[in-house]
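K.L.:
Below you'll find the structure I mean.
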Amino acid sequence: MKANRSQVRLLVVDDDPLATVSEREILEDCGYEVFTASSSEEALALFTQNLFDLLILDQRLPRMSGTELFAKCREHQLSKDFAAIFLTGNYDESAAVEALRLGAVNFLYKPVTRDEFIAVVRRALADCELAREERRLEDDPDKTATLAEIRGQSEALRQTIDLLTQVAPTDTTILLQGQTGTGKGLLARAIHNASPRCKRPFKKINDGDIPDELVESTLFGHKKGAFTGAMYDREGYFHAANGGTLFLDEIGEMPINLQVKLNHVLEDRRLARLGEEVA
């Protein structure tokens with residue numbers, strides 16, 4: 001992620017020391033904290049002592065396969081907020097299917113280029129962070145906020161609330177402007193609660209927290225094969241919020257070309273996932 005990369009913790013498990021050294025150097029160059037293990041036993045020992053954001057597993061390990069190790073990690077770690085990527089030098093369709101069934105986000109066959117490896121890791125971490133944000137929003141204390149409950153002494157705030165009370169029941173795009181910490185998220189939630197969409201999903205995404213190369217697929221989704229590492233169809237935030245409200249925070253941090261695409265989507269009310277045509 002863009003922020004606090006030093007807090008992102010990865011575990012690489014591979015019995016090939018050359019592969020381990022190479023992967024570790026690449027990941028540390030990206031700013032991640034990297035642990036390594038050459039066996040499933042060593043990996044499990046590390047797992048009981050640390051919380052990891054991402055596992056990078058070789059499928060062929062001595063005494064235990066990568067998928068078996070991943071299943072045990074799922075059992076051991078109290079937090080399920082971690083992702084897994086599998087790397088293997090041998091084609092094994094059944095292992096790939098099993099890994100994805102267990103919740104792995106990708107299954108790659110060696111050799112993998114440096115750029116492809118970094119892209120897949122970043123995408124996996126972004127998916128994991130977004131899933132964590134989804135769960136956090138479920139416990140968001142602001143989700144019951146109403147416009148009537150928002151109080152303020154200033155005339156400007158009272159006028160804003162009056163205007164939003166009129167606009168909330170309509171099906172229109174609303175731009176909220178203000179400095180960080182001024183309550184745009186609270187207002188967005190209150191608008192949603194005052195709208196006919198209140199029983200539908202409320203989705204929030206901070207564009208400043210997502211690597212530039214991941215913003216488009218995060219917002220609009222992608223089809224399998226749309227880019228390197230896209231092994232399955234993915235629903236974007238626009239699809240997930242369909243019929244509800246999508247709150248895009250810090251849109252000024254979004255790359256200019258995607259701001260243009262976003263503007264077209266808002267104007268035309270039509271969108272396509274990466275890899276498919278606009279309907």
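Residue names in the structure tokens use chain letters A, B, ... in the order shown, residue numbers from 1 in each chain, and ligand numbers from 1 in the order shown.
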List the neighbours of A:Pro169 out to 7 Å using only C-alpha atoms; skip same-chain residues closer than 6 positions along the sequence, and give me the result as a list of chain:residue names.
P.N.:
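Final neighbour list, sorted by chain and number: A:Ala194, A:Ser195, A:Pro196.
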K.L.:
Per residue of stretch 165-221 of chain A within 6 Å of stretch 233-254 of chain A, note the shortest atom pair and the distance in Å to one decimal, counting only C-alpha atoms, and order the rows by chain and increasing residue number, as JSON lines.
P.N.:
```
{"residue": "A:Arg197", "atom": "CA", "partner": "A:Gly244", "partner_atom": "CA", "distance": 5.0}
{"residue": "A:Arg200", "atom": "CA", "partner": "A:Gly244", "partner_atom": "CA", "distance": 4.6}
{"residue": "A:Pro201", "atom": "CA", "partner": "A:Gly244", "partner_atom": "CA", "distance": 4.9}
{"residue": "A:Phe202", "atom": "CA", "partner": "A:Thr245", "partner_atom": "CA", "distance": 4.9}
{"residue": "A:Lys203", "atom": "CA", "partner": "A:Leu246", "partner_atom": "CA", "distance": 4.8}
{"residue": "A:Lys204", "atom": "CA", "partner": "A:Phe247", "partner_atom": "CA", "distance": 4.7}
{"residue": "A:Ile205", "atom": "CA", "partner": "A:Leu248", "partner_atom": "CA", "distance": 5.3}
{"residue": "A:Asn206", "atom": "CA", "partner": "A:Asp249", "partner_atom": "CA", "distance": 4.6}
{"residue": "A:Asp207", "atom": "CA", "partner": "A:Glu250", "partner_atom": "CA", "distance": 5.7}
{"residue": "A:Gly208", "atom": "CA", "partner": "A:Glu253", "partner_atom": "CA", "distance": 5.2}
{"residue": "A:Thr218", "atom": "CA", "partner": "A:Gly236", "partner_atom": "CA", "distance": 5.2}
{"residue": "A:Leu219", "atom": "CA", "partner": "A:Tyr237", "partner_atom": "CA", "distance": 4.8}
{"residue": "A:Phe220", "atom": "CA", "partner": "A:Gly236", "partner_atom": "CA", "distance": 4.4}
{"residue": "A:Gly221", "atom": "CA", "partner": "A:Gly236", "partner_atom": "CA", "distance": 3.7}
```
K.L.:
Which residue, A:Thr36, A:Lys110, A:Asp268, A:Val21, has the smallest gap to A:Gln59 when you use only C-alpha atoms?
P.N.:
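The closest residue to A:Gln59 is A:Lys110.
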K.L.:
May I ask which of the residues A:Ala37, A:Ala104, A:Leu125, A:Ala188 is the closest one to A:Gln7, counting only C-alpha atoms?
P.N.:
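That would be A:Leu125, the residue with the smallest distance to A:Gln7.
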K.L.:
When you count only C-alpha atoms, which of these residues is closest to A:Ile118: A:Thr67, A:Glu41, A:Ile85, A:Leu46?
P.N.:
A:Ile85
K.L.:
Just checking: using only C-alpha atoms, which residue out of A:Leu187, A:Leu27, A:Leu163, A:Met231 ends up closest to A:Phe107?
P.N.:
A:Met231
K.L.:
Which residue out of A:Val105, A:Val260, A:Cys128, A:Leu57 has the minimum interatomic distance to A:Phe82 when only C-alpha atoms are used?
P.N.:
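Looking only at the distances to A:Phe82, the closest residue turns out to be A:Cys128.
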K.L.:
Would you please extract all alpha helix (DSSP H) residues from stretch 60-233 of chain A, as assigned by DSSP on the backbone, and give them as a ChimeraX atom specification?
P.N.:
/A:66-76,93-102,114-138,155-167,184-193,212-220
K.L.:
Would you please extract all strand (DSSP E) residues from stretch 6-255 of chain A, as assigned by DSSP on the backbone, and give them as a ChimeraX atom specification?
P.N.:
/A:9-13,33-37,54-58,83-88,106-109,202-206,221-222,234-235,245-249
K.L.:
Near stretch 87-95 of chain A, counting only C-alpha atoms, which residues have an atom at most 12 Å away, once you skip same-chain residues fewer than 2 positions from it, shown as a ChimeraX atom specification?
P.N.:
/A:12-16,19-20,23,55-61,65-68,70,84-85,97-102,104-112,117,120-121,229
